[in-house]
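Shown next: start-v2.pdb, containing PDB, C-alpha atoms, pLDDT in the B column.
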ATOM      1  CA  MET A 972      -9.482 103.936 -34.474  1.00 78.00           C
ATOM      2  CA  LYS A 973      -7.988 103.172 -31.108  1.00 92.00           C
ATOM      3  CA  TYR A 974      -7.826 105.938 -28.544  1.00 97.00           C
ATOM      4  CA  ASP A 975      -6.397 105.752 -25.041  1.00 97.00           C
ATOM      5  CA  ASP A 976      -8.980 106.294 -22.331  1.00 97.00           C
ATOM      6  CA  SER A 977      -6.757 108.999 -20.820  1.00 97.00           C
ATOM      7  CA  PHE A 978      -6.821 110.910 -24.128  1.00 98.00           C
ATOM      8  CA  LEU A 979     -10.618 110.713 -24.424  1.00 98.00           C
ATOM      9  CA  LYS A 980     -11.081 111.661 -20.776  1.00 98.00           C
ATOM     10  CA  ASP A 981      -8.775 114.649 -21.222  1.00 98.00           C
ATOM     11  CA  VAL A 982     -10.753 115.814 -24.280  1.00 98.00           C
ATOM     12  CA  LEU A 983     -14.061 115.512 -22.425  1.00 98.00           C
ATOM     13  CA  THR A 984     -12.704 117.204 -19.303  1.00 98.00           C
ATOM     14  CA  ARG A 985     -11.096 120.209 -20.994  1.00 98.00           C
ATOM     15  CA  THR A 986     -14.026 120.880 -23.333  1.00 98.00           C
ATOM     16  CA  ARG A 987     -16.525 123.550 -22.293  1.00 98.00           C
ATOM     17  CA  THR A 988     -18.267 124.643 -25.517  1.00 98.00           C
ATOM     18  CA  VAL A 989     -19.306 122.257 -28.297  1.00 98.00           C
ATOM     19  CA  ALA A 990     -20.667 123.125 -31.726  1.00 98.00           C
ATOM     20  CA  VAL A 991     -22.809 120.193 -32.900  1.00 98.00           C
ATOM     21  CA  VAL A 992     -22.938 120.201 -36.703  1.00 98.00           C
ATOM     22  CA  GLY A 993     -25.937 118.388 -38.153  1.00 97.00           C
ATOM     23  CA  VAL A 994     -28.034 118.466 -34.985  1.00 97.00           C
ATOM     24  CA  SER A 995     -31.677 117.460 -35.421  1.00 97.00           C
ATOM     25  CA  MET A 996     -34.760 118.979 -33.818  1.00 96.00           C
ATOM     26  CA  ASN A 997     -36.243 115.459 -33.629  1.00 96.00           C
ATOM     27  CA  PRO A 998     -35.757 114.097 -30.071  1.00 95.00           C
ATOM     28  CA  VAL A 999     -35.425 110.482 -31.261  1.00 95.00           C
ATOM     29  CA  ARG A1000     -32.469 111.262 -33.533  1.00 96.00           C
ATOM     30  CA  PRO A1001     -29.002 110.528 -32.095  1.00 96.00           C
ATOM     31  CA  SER A1002     -27.770 114.037 -32.897  1.00 97.00           C
ATOM     32  CA  TYR A1003     -30.548 115.500 -30.737  1.00 97.00           C
ATOM     33  CA  TYR A1004     -30.106 113.284 -27.711  1.00 94.00           C
ATOM     34  CA  VAL A1005     -26.299 113.423 -27.783  1.00 97.00           C
ATOM     35  CA  ALA A1006     -26.416 117.237 -27.903  1.00 97.00           C
ATOM     36  CA  ARG A1007     -29.062 117.278 -25.169  1.00 97.00           C
ATOM     37  CA  TYR A1008     -27.013 114.931 -22.994  1.00 97.00           C
ATOM     38  CA  LEU A1009     -23.922 117.112 -23.384  1.00 97.00           C
ATOM     39  CA  SER A1010     -25.925 120.199 -22.431  1.00 97.00           C
ATOM     40  CA  LEU A1011     -27.270 118.401 -19.343  1.00 95.00           C
ATOM     41  CA  LYS A1012     -23.688 117.548 -18.364  1.00 96.00           C
ATOM     42  CA  GLY A1013     -22.758 121.228 -18.280  1.00 96.00           C
ATOM     43  CA  TYR A1014     -21.318 121.722 -21.733  1.00 97.00           C
ATOM     44  CA  LYS A1015     -22.473 124.777 -23.650  1.00 97.00           C
ATOM     45  CA  VAL A1016     -23.903 123.306 -26.859  1.00 97.00           C
ATOM     46  CA  ILE A1017     -24.222 125.454 -29.956  1.00 98.00           C
ATOM     47  CA  PRO A1018     -26.481 123.685 -32.479  1.00 98.00           C
ATOM     48  CA  VAL A1019     -25.561 124.059 -36.161  1.00 98.00           C
ATOM     49  CA  ASN A1020     -28.009 123.054 -38.904  1.00 97.00           C
ATOM     50  CA  PRO A1021     -29.030 125.326 -41.804  1.00 96.00           C
ATOM     51  CA  GLY A1022     -32.414 123.596 -42.064  1.00 95.00           C
ATOM     52  CA  HIS A1023     -33.372 124.723 -38.539  1.00 97.00           C
ATOM     53  CA  ALA A1024     -31.556 128.071 -38.352  1.00 96.00           C
ATOM     54  CA  GLY A1025     -33.113 130.566 -35.982  1.00 95.00           C
ATOM     55  CA  LYS A1026     -34.984 127.993 -33.887  1.00 97.00           C
ATOM     56  CA  LYS A1027     -34.046 127.392 -30.252  1.00 96.00           C
ATOM     57  CA  LEU A1028     -32.498 124.183 -28.967  1.00 96.00           C
ATOM     58  CA  PHE A1029     -31.042 123.647 -25.476  1.00 93.00           C
ATOM     59  CA  GLY A1030     -31.317 127.368 -24.777  1.00 92.00           C
ATOM     60  CA  GLN A1031     -29.264 128.298 -27.848  1.00 95.00           C
ATOM     61  CA  GLU A1032     -30.208 129.559 -31.284  1.00 97.00           C
ATOM     62  CA  VAL A1033     -29.600 127.041 -34.065  1.00 97.00           C
ATOM     63  CA  ARG A1034     -26.939 128.462 -36.386  1.00 98.00           C
ATOM     64  CA  VAL A1035     -26.678 128.201 -40.161  1.00 97.00           C
ATOM     65  CA  ALA A1036     -22.950 127.437 -40.118  1.00 98.00           C
ATOM     66  CA  LEU A1037     -19.954 127.393 -37.815  1.00 98.00           C
ATOM     67  CA  SER A1038     -19.112 130.903 -38.982  1.00 97.00           C
ATOM     68  CA  GLU A1039     -22.393 132.054 -37.374  1.00 97.00           C
ATOM     69  CA  CYS A1040     -21.442 130.779 -33.901  1.00 96.00           C
ATOM     70  CA  PRO A1041     -21.444 133.632 -31.394  1.00 92.00           C
ATOM     71  CA  GLU A1042     -18.252 132.582 -29.651  1.00 92.00           C
ATOM     72  CA  GLU A1043     -15.179 130.393 -29.727  1.00 95.00           C
ATOM     73  CA  VAL A1044     -15.783 126.660 -29.330  1.00 97.00           C
ATOM     74  CA  ASP A1045     -13.487 123.997 -27.910  1.00 97.00           C
ATOM     75  CA  MET A1046     -14.898 121.075 -29.869  1.00 98.00           C
ATOM     76  CA  VAL A1047     -16.797 120.573 -33.110  1.00 98.00           C
ATOM     77  CA  ASP A1048     -18.934 117.411 -32.998  1.00 98.00           C
ATOM     78  CA  VAL A1049     -19.868 116.285 -36.532  1.00 98.00           C
ATOM     79  CA  PHE A1050     -23.112 114.441 -37.323  1.00 98.00           C
ATOM     80  CA  ARG A1051     -22.711 114.457 -41.105  1.00 97.00           C
ATOM     81  CA  ARG A1052     -21.729 111.788 -43.612  1.00 97.00           C
ATOM     82  CA  SER A1053     -17.995 111.252 -43.991  1.00 98.00           C
ATOM     83  CA  GLU A1054     -17.814 112.863 -47.427  1.00 98.00           C
ATOM     84  CA  HIS A1055     -19.159 116.136 -45.967  1.00 98.00           C
ATOM     85  CA  VAL A1056     -16.573 116.381 -43.188  1.00 98.00           C
ATOM     86  CA  PRO A1057     -13.556 118.030 -44.916  1.00 98.00           C
ATOM     87  CA  PRO A1058     -15.321 121.345 -45.677  1.00 98.00           C
ATOM     88  CA  ILE A1059     -16.776 121.400 -42.146  1.00 98.00           C
ATOM     89  CA  VAL A1060     -13.324 120.939 -40.618  1.00 98.00           C
ATOM     90  CA  GLU A1061     -11.837 123.513 -42.985  1.00 98.00           C
ATOM     91  CA  GLU A1062     -14.473 126.043 -41.874  1.00 98.00           C
ATOM     92  CA  ALA A1063     -13.938 125.161 -38.204  1.00 98.00           C
ATOM     93  CA  LEU A1064     -10.189 125.704 -38.493  1.00 98.00           C
ATOM     94  CA  ASP A1065     -10.753 129.076 -40.170  1.00 97.00           C
ATOM     95  CA  VAL A1066     -13.402 130.273 -37.704  1.00 97.00           C
ATOM     96  CA  PHE A1067     -12.029 128.970 -34.389  1.00 98.00           C
ATOM     97  CA  PRO A1068      -8.315 129.671 -33.951  1.00 96.00           C
ATOM     98  CA  ALA A1069      -8.333 128.080 -30.476  1.00 97.00           C
ATOM     99  CA  LEU A1070     -10.221 124.922 -31.537  1.00 98.00           C
ATOM    100  CA  LYS A1071      -8.958 121.949 -29.556  1.00 98.00           C
ATOM    101  CA  THR A1072     -10.934 118.967 -30.906  1.00 98.00           C
ATOM    102  CA  VAL A1073     -12.766 117.729 -33.955  1.00 98.00           C
ATOM    103  CA  TRP A1074     -15.008 114.808 -33.011  1.00 98.00           C
ATOM    104  CA  MET A1075     -16.665 112.665 -35.681  1.00 98.00           C
ATOM    105  CA  GLN A1076     -19.602 110.553 -34.612  1.00 98.00           C
ATOM    106  CA  ILE A1077     -20.012 106.784 -34.925  1.00 97.00           C
ATOM    107  CA  GLY A1078     -19.787 105.825 -38.583  1.00 97.00           C
ATOM    108  CA  VAL A1079     -18.091 109.086 -39.553  1.00 98.00           C
ATOM    109  CA  GLU A1080     -14.449 108.958 -40.625  1.00 98.00           C
ATOM    110  CA  SER A1081     -12.391 111.305 -42.773  1.00 98.00           C
ATOM    111  CA  PRO A1082      -8.631 110.774 -42.828  1.00 98.00           C
ATOM    112  CA  GLU A1083      -8.357 113.874 -45.044  1.00 98.00           C
ATOM    113  CA  ALA A1084     -10.159 116.052 -42.482  1.00 98.00           C
ATOM    114  CA  ALA A1085      -8.216 114.455 -39.624  1.00 98.00           C
ATOM    115  CA  GLU A1086      -4.909 115.234 -41.312  1.00 98.00           C
ATOM    116  CA  MET A1087      -6.013 118.825 -41.927  1.00 98.00           C
ATOM    117  CA  ALA A1088      -6.958 119.302 -38.256  1.00 98.00           C
ATOM    118  CA  GLN A1089      -3.921 117.553 -36.833  1.00 98.00           C
ATOM    119  CA  ALA A1090      -1.641 119.700 -39.002  1.00 98.00           C
ATOM    120  CA  LYS A1091      -3.034 122.694 -37.062  1.00 98.00           C
ATOM    121  CA  GLY A1092      -2.493 120.970 -33.687  1.00 98.00           C
ATOM    122  CA  VAL A1093      -6.161 120.027 -33.239  1.00 98.00           C
ATOM    123  CA  ASP A1094      -6.980 116.646 -31.689  1.00 98.00           C
ATOM    124  CA  VAL A1095      -9.231 114.349 -33.710  1.00 98.00           C
ATOM    125  CA  VAL A1096     -11.588 111.573 -32.658  1.00 98.00           C
ATOM    126  CA  MET A1097     -13.325 109.536 -35.364  1.00 98.00           C
ATOM    127  CA  ASN A1098     -16.080 106.942 -35.263  1.00 98.00           C
ATOM    128  CA  ARG A1099     -16.897 107.532 -31.592  1.00 97.00           C
ATOM    129  CA  CYS A1100     -19.690 109.189 -29.624  1.00 97.00           C
ATOM    130  CA  PRO A1101     -18.874 111.679 -26.850  1.00 98.00           C
ATOM    131  CA  LYS A1102     -22.041 110.683 -24.964  1.00 96.00           C
ATOM    132  CA  ILE A1103     -21.037 107.015 -24.888  1.00 94.00           C
ATOM    133  CA  GLU A1104     -17.442 107.820 -24.027  1.00 96.00           C
ATOM    134  CA  TYR A1105     -18.490 110.210 -21.260  1.00 96.00           C
ATOM    135  CA  GLN A1106     -20.803 107.609 -19.762  1.00 93.00           C
ATOM    136  CA  ARG A1107     -18.159 104.882 -20.021  1.00 91.00           C
ATOM    137  CA  LEU A1108     -15.263 106.928 -18.667  1.00 93.00           C
ATOM    138  CA  PHE A1109     -17.127 108.693 -15.870  1.00 91.00           C
ATOM    139  CA  GLY A1110     -18.955 105.642 -14.503  1.00 84.00           C
ATOM    140  CA  GLU A1111     -22.477 106.177 -15.811  1.00 80.00           C
ATOM    141  CA  LEU A1112     -22.694 103.028 -17.942  1.00 65.00           C
ATOM    142  CA  ARG A1113     -21.708 100.959 -14.914  1.00 55.00           C
ATOM    143  CA  MET A1114     -24.945 102.110 -13.248  1.00 50.00           C
ATOM    144  CA  GLY A1115     -26.805 100.489 -16.157  1.00 50.00           C
ATOM    145  CA  GLY A1116     -25.049  97.161 -15.586  1.00 50.00           C
ATOM    146  CA  PHE A1117     -22.358  97.502 -18.264  1.00 53.00           C
ATOM    147  CA  ASN A1118     -18.824  96.385 -17.597  1.00 55.00           C
ATOM    148  CA  THR A1119     -16.928  99.449 -18.803  1.00 55.00           C
ATOM    149  CA  GLY A1120     -13.479  98.169 -17.915  1.00 62.00           C
ATOM    150  CA  ILE A1121     -13.016 101.275 -15.748  1.00 60.00           C
ATOM    151  CA  ILE A1122     -12.520 100.712 -12.036  1.00 58.00           C
ATOM    152  CA  SER A1123     -14.671 103.150 -10.094  1.00 56.00           C
ATOM    153  CA  SER A1124     -16.148 103.556  -6.648  1.00 56.00           C
ATOM    154  CA  LYS A1125     -19.455 104.528  -8.308  1.00 53.00           C
ATOM    155  CA  LEU A1126     -22.003 101.812  -8.806  1.00 48.00           C
TER     156      LEU A1126
END
This structure in structure tokens:
Amino acid sequence: MKYDDSFLKDVLTRTRTVAVVGVSMNPVRPSYYVARYLSLKGYKVIPVNPGHAGKKLFGQEVRVALSECPEEVDMVDVFRRSEHVPPIVEEALDVFPALKTVWMQIGVESPEAAEMAQAKGVDVVMNRCPKIEYQRLFGELRMGGFNTGIISSKL
């Protein structure tokens, strides 16, 4: 998928609350450190994983399902295999009437789920990581010596 940087930056700027589906309690797993990074950047992260329900992560209780989230979310970030995405997106669309974005992590793509979300006016990002995109678009990768292609006064 090809996404304009302005689109990705808009998604990351307007988002305040993220439900991370498939988050792990293991700090070396990508789902853990992406969710942690987002929480450190000021996003409210609601962890969703039935295997860890009731535990605390990033100051929030881990939820069984999206329907258990205590509030509206702006973005659902999916860390599940592609074949599991359509029912997750269907639940998200039912539970969050003001949902703005469905984000599928690197390696996760579901044209069926994307079509479902887009039909309801929800933006979709597939096969990307919000942590990587945030770092690239807001100048943090440049500090690590990466050429992000983004001109910035930050070093």
Query - atom CA of Glu1086 of chain A to atom CA of Ser1010 of chain A, distance in Å rounded to a single decimal - result: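 Value for the atom CA of Glu1086 of chain A-atom CA of Ser1010 of chain A distance: 28.7 Å.
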The PyMOL selection byres ((chain A and resi 1065) around 12) - which residues does that actually catch in the file I just gave you? List them as a PDB file with C-alpha atoms, in the frame of the given file.
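Produced file selection01.pdb, reproduced below:
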ATOM      1  CA  LEU A1037     -19.954 127.393 -37.815  1.00 98.00           C
ATOM      2  CA  SER A1038     -19.112 130.903 -38.982  1.00 97.00           C
ATOM      3  CA  GLU A1043     -15.179 130.393 -29.727  1.00 95.00           C
ATOM      4  CA  PRO A1058     -15.321 121.345 -45.677  1.00 98.00           C
ATOM      5  CA  ILE A1059     -16.776 121.400 -42.146  1.00 98.00           C
ATOM      6  CA  VAL A1060     -13.324 120.939 -40.618  1.00 98.00           C
ATOM      7  CA  GLU A1061     -11.837 123.513 -42.985  1.00 98.00           C
ATOM      8  CA  GLU A1062     -14.473 126.043 -41.874  1.00 98.00           C
ATOM      9  CA  ALA A1063     -13.938 125.161 -38.204  1.00 98.00           C
ATOM     10  CA  LEU A1064     -10.189 125.704 -38.493  1.00 98.00           C
ATOM     11  CA  VAL A1066     -13.402 130.273 -37.704  1.00 97.00           C
ATOM     12  CA  PHE A1067     -12.029 128.970 -34.389  1.00 98.00           C
ATOM     13  CA  PRO A1068      -8.315 129.671 -33.951  1.00 96.00           C
ATOM     14  CA  ALA A1069      -8.333 128.080 -30.476  1.00 97.00           C
ATOM     15  CA  LEU A1070     -10.221 124.922 -31.537  1.00 98.00           C
ATOM     16  CA  MET A1087      -6.013 118.825 -41.927  1.00 98.00           C
ATOM     17  CA  ALA A1088      -6.958 119.302 -38.256  1.00 98.00           C
ATOM     18  CA  LYS A1091      -3.034 122.694 -37.062  1.00 98.00           C
TER      19      LYS A1091
END
Query raised in the report: Closest to Phe1029 of chain A among A:Tyr1004, A:Cys1100, A:Asp1048, A:Pro1041, using only C-alpha atoms?
Result: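 Closest candidate: A:Tyr1004.
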Requested in this report: Would you kindly translate the PyMOL selection byres ((chain A and resi 1020) around 9) into the concrete residues it picks from this file, as a PyMOL selection string?
Outcome: chain A and resi 991-995+1018-1019+1021-1024+1033-1036
Next, write the just-selected residues to a file, as a PDB file, in the coordinates of the input, keeping C-alpha atoms as the atom set.
ATOM      1  CA  VAL A 991     -22.809 120.193 -32.900  1.00 98.00           C
ATOM      2  CA  VAL A 992     -22.938 120.201 -36.703  1.00 98.00           C
ATOM      3  CA  GLY A 993     -25.937 118.388 -38.153  1.00 97.00           C
ATOM      4  CA  VAL A 994     -28.034 118.466 -34.985  1.00 97.00           C
ATOM      5  CA  SER A 995     -31.677 117.460 -35.421  1.00 97.00           C
ATOM      6  CA  PRO A1018     -26.481 123.685 -32.479  1.00 98.00           C
ATOM      7  CA  VAL A1019     -25.561 124.059 -36.161  1.00 98.00           C
ATOM      8  CA  PRO A1021     -29.030 125.326 -41.804  1.00 96.00           C
ATOM      9  CA  GLY A1022     -32.414 123.596 -42.064  1.00 95.00           C
ATOM     10  CA  HIS A1023     -33.372 124.723 -38.539  1.00 97.00           C
ATOM     11  CA  ALA A1024     -31.556 128.071 -38.352  1.00 96.00           C
ATOM     12  CA  VAL A1033     -29.600 127.041 -34.065  1.00 97.00           C
ATOM     13  CA  ARG A1034     -26.939 128.462 -36.386  1.00 98.00           C
ATOM     14  CA  VAL A1035     -26.678 128.201 -40.161  1.00 97.00           C
ATOM     15  CA  ALA A1036     -22.950 127.437 -40.118  1.00 98.00           C
TER      16      ALA A1036
END
Query raised in the report: Looking at A:Arg1007, A:Lys1015, A:Arg1051, A:Lys1071, which one is nearest to Lys1102 of chain A, with distances taken over only C-alpha atoms?
Result: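 Between A:Arg1007, A:Lys1015, A:Arg1051, A:Lys1071, the residue approaching Lys1102 of chain A most closely is A:Arg1007.
Taking atom CA of Glu1083 of chain A as the reference point, atom CA of His1055 of chain A is found at 11.1 Å.
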With all atoms of segment 988-1003 of chain A from the file as input, state the centre and edge lengths in Å to one decimal of the axis-aligned box that has 8 Å extra on each side, as lines of an AutoDock Vina configuration file.
center_x = -27.3
center_y = 117.6
center_z = -31.8
size_x = 34.0
size_y = 30.2
size_z = 28.6
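Nearest to Gly1013 of chain A of all the residues A:Leu1028, A:Val1095, A:Leu983, A:Cys1040 is A:Leu983, counting all atoms listed in the file.
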Missing atoms of segment 1028-1052 of chain A rebuilt to N, CA, C and O atoms, written as a PDB file, keeping the file's coordinate frame:
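File part_34.pdb, as written:
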ATOM      1  N   LEU A1028     -32.767 125.548 -29.402  1.00 96.00           N
ATOM      2  CA  LEU A1028     -32.498 124.183 -28.967  1.00 96.00           C
ATOM      3  C   LEU A1028     -31.525 124.253 -27.806  1.00 96.00           C
ATOM      4  O   LEU A1028     -30.458 124.875 -27.928  1.00 96.00           O
ATOM      5  N   PHE A1029     -31.888 123.682 -26.678  1.00 93.00           N
ATOM      6  CA  PHE A1029     -31.042 123.647 -25.476  1.00 93.00           C
ATOM      7  C   PHE A1029     -30.629 125.056 -25.032  1.00 93.00           C
ATOM      8  O   PHE A1029     -29.517 125.281 -24.584  1.00 93.00           O
ATOM      9  N   GLY A1030     -31.555 125.998 -25.205  1.00 92.00           N
ATOM     10  CA  GLY A1030     -31.317 127.368 -24.777  1.00 92.00           C
ATOM     11  C   GLY A1030     -30.451 128.181 -25.729  1.00 92.00           C
ATOM     12  O   GLY A1030     -30.086 129.311 -25.419  1.00 92.00           O
ATOM     13  N   GLN A1031     -30.116 127.617 -26.872  1.00 95.00           N
ATOM     14  CA  GLN A1031     -29.264 128.298 -27.848  1.00 95.00           C
ATOM     15  C   GLN A1031     -29.980 128.395 -29.193  1.00 95.00           C
ATOM     16  O   GLN A1031     -30.772 127.525 -29.551  1.00 95.00           O
ATOM     17  N   GLU A1032     -29.668 129.416 -29.934  1.00 97.00           N
ATOM     18  CA  GLU A1032     -30.208 129.559 -31.284  1.00 97.00           C
ATOM     19  C   GLU A1032     -29.464 128.618 -32.229  1.00 97.00           C
ATOM     20  O   GLU A1032     -28.239 128.514 -32.178  1.00 97.00           O
ATOM     21  N   VAL A1033     -30.212 127.909 -33.068  1.00 97.00           N
ATOM     22  CA  VAL A1033     -29.600 127.041 -34.065  1.00 97.00           C
ATOM     23  C   VAL A1033     -28.951 127.931 -35.126  1.00 97.00           C
ATOM     24  O   VAL A1033     -29.584 128.854 -35.645  1.00 97.00           O
ATOM     25  N   ARG A1034     -27.713 127.658 -35.440  1.00 98.00           N
ATOM     26  CA  ARG A1034     -26.939 128.462 -36.386  1.00 98.00           C
ATOM     27  C   ARG A1034     -26.903 127.817 -37.761  1.00 98.00           C
ATOM     28  O   ARG A1034     -26.962 126.602 -37.888  1.00 98.00           O
ATOM     29  N   VAL A1035     -26.754 128.660 -38.778  1.00 97.00           N
ATOM     30  CA  VAL A1035     -26.678 128.201 -40.161  1.00 97.00           C
ATOM     31  C   VAL A1035     -25.373 127.451 -40.415  1.00 97.00           C
ATOM     32  O   VAL A1035     -25.341 126.430 -41.081  1.00 97.00           O
ATOM     33  N   ALA A1036     -24.283 127.984 -39.876  1.00 98.00           N
ATOM     34  CA  ALA A1036     -22.950 127.437 -40.118  1.00 98.00           C
ATOM     35  C   ALA A1036     -22.059 127.752 -38.926  1.00 98.00           C
ATOM     36  O   ALA A1036     -22.409 128.565 -38.070  1.00 98.00           O
ATOM     37  N   LEU A1037     -20.901 127.130 -38.895  1.00 98.00           N
ATOM     38  CA  LEU A1037     -19.954 127.393 -37.815  1.00 98.00           C
ATOM     39  C   LEU A1037     -19.556 128.869 -37.775  1.00 98.00           C
ATOM     40  O   LEU A1037     -19.346 129.426 -36.701  1.00 98.00           O
ATOM     41  N   SER A1038     -19.488 129.492 -38.926  1.00 97.00           N
ATOM     42  CA  SER A1038     -19.112 130.903 -38.982  1.00 97.00           C
ATOM     43  C   SER A1038     -20.138 131.808 -38.307  1.00 97.00           C
ATOM     44  O   SER A1038     -19.840 132.953 -37.984  1.00 97.00           O
ATOM     45  N   GLU A1039     -21.334 131.290 -38.044  1.00 97.00           N
ATOM     46  CA  GLU A1039     -22.393 132.054 -37.374  1.00 97.00           C
ATOM     47  C   GLU A1039     -22.377 131.875 -35.852  1.00 97.00           C
ATOM     48  O   GLU A1039     -23.177 132.481 -35.148  1.00 97.00           O
ATOM     49  N   CYS A1040     -21.493 131.012 -35.354  1.00 96.00           N
ATOM     50  CA  CYS A1040     -21.442 130.779 -33.901  1.00 96.00           C
ATOM     51  C   CYS A1040     -21.025 132.054 -33.192  1.00 96.00           C
ATOM     52  O   CYS A1040     -20.101 132.751 -33.643  1.00 96.00           O
ATOM     53  N   PRO A1041     -21.682 132.360 -32.071  1.00 92.00           N
ATOM     54  CA  PRO A1041     -21.444 133.632 -31.394  1.00 92.00           C
ATOM     55  C   PRO A1041     -20.140 133.710 -30.607  1.00 92.00           C
ATOM     56  O   PRO A1041     -19.779 134.777 -30.128  1.00 92.00           O
ATOM     57  N   GLU A1042     -19.463 132.587 -30.471  1.00 92.00           N
ATOM     58  CA  GLU A1042     -18.252 132.582 -29.651  1.00 92.00           C
ATOM     59  C   GLU A1042     -17.333 131.454 -30.076  1.00 92.00           C
ATOM     60  O   GLU A1042     -17.696 130.614 -30.891  1.00 92.00           O
ATOM     61  N   GLU A1043     -16.158 131.454 -29.497  1.00 95.00           N
ATOM     62  CA  GLU A1043     -15.179 130.393 -29.727  1.00 95.00           C
ATOM     63  C   GLU A1043     -15.720 129.074 -29.184  1.00 95.00           C
ATOM     64  O   GLU A1043     -16.438 129.060 -28.178  1.00 95.00           O
ATOM     65  N   VAL A1044     -15.404 127.978 -29.846  1.00 97.00           N
ATOM     66  CA  VAL A1044     -15.783 126.660 -29.330  1.00 97.00           C
ATOM     67  C   VAL A1044     -14.520 125.837 -29.120  1.00 97.00           C
ATOM     68  O   VAL A1044     -13.501 126.056 -29.780  1.00 97.00           O
ATOM     69  N   ASP A1045     -14.612 124.892 -28.195  1.00 97.00           N
ATOM     70  CA  ASP A1045     -13.487 123.997 -27.910  1.00 97.00           C
ATOM     71  C   ASP A1045     -13.518 122.763 -28.810  1.00 97.00           C
ATOM     72  O   ASP A1045     -12.481 122.221 -29.165  1.00 97.00           O
ATOM     73  N   MET A1046     -14.748 122.320 -29.115  1.00 98.00           N
ATOM     74  CA  MET A1046     -14.898 121.075 -29.869  1.00 98.00           C
ATOM     75  C   MET A1046     -16.004 121.222 -30.899  1.00 98.00           C
ATOM     76  O   MET A1046     -17.051 121.806 -30.615  1.00 98.00           O
ATOM     77  N   VAL A1047     -15.768 120.674 -32.086  1.00 98.00           N
ATOM     78  CA  VAL A1047     -16.797 120.573 -33.110  1.00 98.00           C
ATOM     79  C   VAL A1047     -17.153 119.095 -33.202  1.00 98.00           C
ATOM     80  O   VAL A1047     -16.288 118.256 -33.457  1.00 98.00           O
ATOM     81  N   ASP A1048     -18.422 118.782 -32.955  1.00 98.00           N
ATOM     82  CA  ASP A1048     -18.934 117.411 -32.998  1.00 98.00           C
ATOM     83  C   ASP A1048     -19.735 117.268 -34.295  1.00 98.00           C
ATOM     84  O   ASP A1048     -20.719 117.982 -34.493  1.00 98.00           O
ATOM     85  N   VAL A1049     -19.311 116.367 -35.184  1.00 98.00           N
ATOM     86  CA  VAL A1049     -19.868 116.285 -36.532  1.00 98.00           C
ATOM     87  C   VAL A1049     -20.814 115.099 -36.693  1.00 98.00           C
ATOM     88  O   VAL A1049     -20.408 113.946 -36.564  1.00 98.00           O
ATOM     89  N   PHE A1050     -22.073 115.418 -36.996  1.00 98.00           N
ATOM     90  CA  PHE A1050     -23.112 114.441 -37.323  1.00 98.00           C
ATOM     91  C   PHE A1050     -23.463 114.563 -38.806  1.00 98.00           C
ATOM     92  O   PHE A1050     -24.601 114.839 -39.163  1.00 98.00           O
ATOM     93  N   ARG A1051     -22.498 114.406 -39.661  1.00 97.00           N
ATOM     94  CA  ARG A1051     -22.711 114.457 -41.105  1.00 97.00           C
ATOM     95  C   ARG A1051     -21.988 113.270 -41.728  1.00 97.00           C
ATOM     96  O   ARG A1051     -21.055 112.723 -41.131  1.00 97.00           O
ATOM     97  N   ARG A1052     -22.393 112.895 -42.929  1.00 97.00           N
ATOM     98  CA  ARG A1052     -21.729 111.788 -43.612  1.00 97.00           C
ATOM     99  C   ARG A1052     -20.263 112.122 -43.843  1.00 97.00           C
ATOM    100  O   ARG A1052     -19.884 113.286 -44.001  1.00 97.00           O
TER     101      ARG A1052
END
